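Report on the following structure.
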Amino acid sequence: MAVIFPRWSNWIIPIIFGVVGPMVTVGAVGALWYWGSPEFTDVGYAPDQPVPYSHKLHAGELGIDCRYCHNTVEQGAAAAIPPTATCMNCHKAVKTDSEILEPVRQAFETGEPIAWKRVHLLPDYAYFDHSVHVAATIGCATCHGRVDQMKTVKQEEPLSMSWCLDCHRNPAPNMRPHSELTNMAWTAADSPDFDPHAKARFPTPPEHCSGCHR
Ligand code: HEC
Ligand code: HEC
Ligand code: HEC
Ligand code: HEC
Ligand code: HEC
């Protein structure tokens, strides 16, 4: 035993069988059963939505801030998809006879939510929280691309483990002034005086397994 397995195997084996093993199994079975379906092959996924709601028009041309609709993104793990009432704040008065807005008016009357199709989706065994990332001044565009130019939302980044870790190992280049969080066009050249290292509490993102697999 001692010859075949050196001393470090005392802890590495439990880790392999206790953590990696089950996860690989879950991953492999999950991959075949669920993630293998073409809907979730990640980058480029842009499903047609029940209403052709355009971020290019609303967030881009009309300049509505992301947080007007995704209003839990700074407080919660998930960024809320807005209820139909948020749309009707405007569409009670704007384009009231538009045919493509008929499902929106109907959803508002019946109270039955619009069945938006999910675009970005991590497997259950990976933990992600928006509020922490937004508080660490990572902008929406860093992880979601130029949503303000998308007629239909498309996944731009792989959301893979190595993608998460690439940033966790060196987050500073991805941080920006707090005021620019939802500015989709921001680049580092726009804020030459901003120094992420000068922040009072420099964030330390987890690289250990249980940080993201809890
Ligand atoms: C007027 C409301 C509104 C505004 C403003 C808005 N969104 Fe959205 N957003 C929605 C709705 C509704 C959906 C679901 C339908 C869809 O995917 O297009 C959505 C979906 C998304 C998704 C995909 C969610 C998923 O299923 O993975 C992302 C990412 C997103 N929005 C980011 C943004 C960003 C970034 C901004 C600011 C630049 C923004 N949104 C501004 C209403 C809004
Ligand atoms: C550090 C990367 C990162 C940043 C920054 C980020 N997101 Fe996300 N977003 C994700 C990931 C990863 C998911 C998928 C989460 C899941 O499946 O649990 C997601 C999912 C979403 C969704 C779908 C609902 C949900 O929460 O799962 C919306 C809407 C969204 N993001 C909007 C935004 C907006 C608006 C901002 C900026 C204020 C933003 N995101 C910033 C990575 C990010
Ligand atoms: C702050 C006001 C505002 C909010 C909130 C808003 N919209 Fe709009 N929407 C507009 C305006 C303005 C137009 C463009 C009207 C025009 O083309 O003259 C528009 C256009 C549209 C159109 C195109 C209609 C057509 O016939 O061309 C759709 C579809 C739409 N919005 C869906 C939505 C949905 C779904 C929501 C909620 C997630 C939403 N909007 C929230 C202001 C808003
Ligand atoms: C562009 C940079 C960036 C990307 C991409 C990113 N993160 Fe992070 N993450 C951070 C930073 C910065 C922190 C530290 C926040 C703090 O300590 O205040 C963090 C913290 C965390 C934490 C610890 C805080 C908490 O919620 O308990 C978890 C978990 C996490 N990230 C998961 C993920 C996952 C999963 C992904 C990929 C889907 C991801 N992150 C992608 C920058 C990033
Ligand atoms: C920063 C967050 C983060 C950390 C830290 C992290 N993971 Fe992951 N891991 C993820 C995400 C996100 C996924 C899902 C990737 C996907 O859907 O493509 C994942 C997927 C996996 C999978 C499934 C792979 C597959 O192909 O389905 C295994 C196994 C795994 N991680 C093991 C580990 C181990 C072991 C560690 C520690 C050495 C670790 N992870 C650390 C975020 C993380």
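Quick note on naming: the chains in the structure tokens go A, B, ... in the order shown, residues restart at 1 in each chain, and ligands are numbered from 1 in order of appearance.
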
Name the residues, by chain letter and number, that sit within 10 Å of ligand 3 using only C-alpha atoms and all ligand atoms, and give them as an NGL selection string. :A and (49-55 or 57-59 or 61-65 or 68-70 or 81-105 or 114 or 116)

Which residues form the shell of 10 Å around ligand 4 when you count only C-alpha atoms and all ligand atoms, given as a count of residues only? 59

Figure out the distance between atom CA of Gly44 of chain A and atom 19 (C, counted along the ligand's line) of ligand 5, please, to one decimal in Å. 19.2 Å

DSSP-assigned helix (DSSP H, G or I) among segment 122-197 of chain A, expressed as number ranges by chain: A: 130-135, 140-144, 147-149, 161-169, 172-174, 178-180, 188-190, 196-197

Could you tell me which of A:Thr152, A:Ser179, A:Ser191, A:Thr72 comes closest to Ala46 of chain A if we count only C-alpha atoms?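 Nearest candidate to Ala46 of chain A out of A:Thr152, A:Ser179, A:Ser191, A:Thr72: A:Thr152.
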
Please, what distance in Å, to one decimal, runs between atom CA of Pro196 of chain A and atom 12 (C, counted along the ligand's line) of ligand 5?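 Computing it gives 24.4 Å between the two atoms.
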
Just checking: using only C-alpha atoms and all ligand atoms, which residue out of A:Arg176, A:Asp124, A:Glu112, A:Met184 ends up closest to ligand 5? A:Asp124
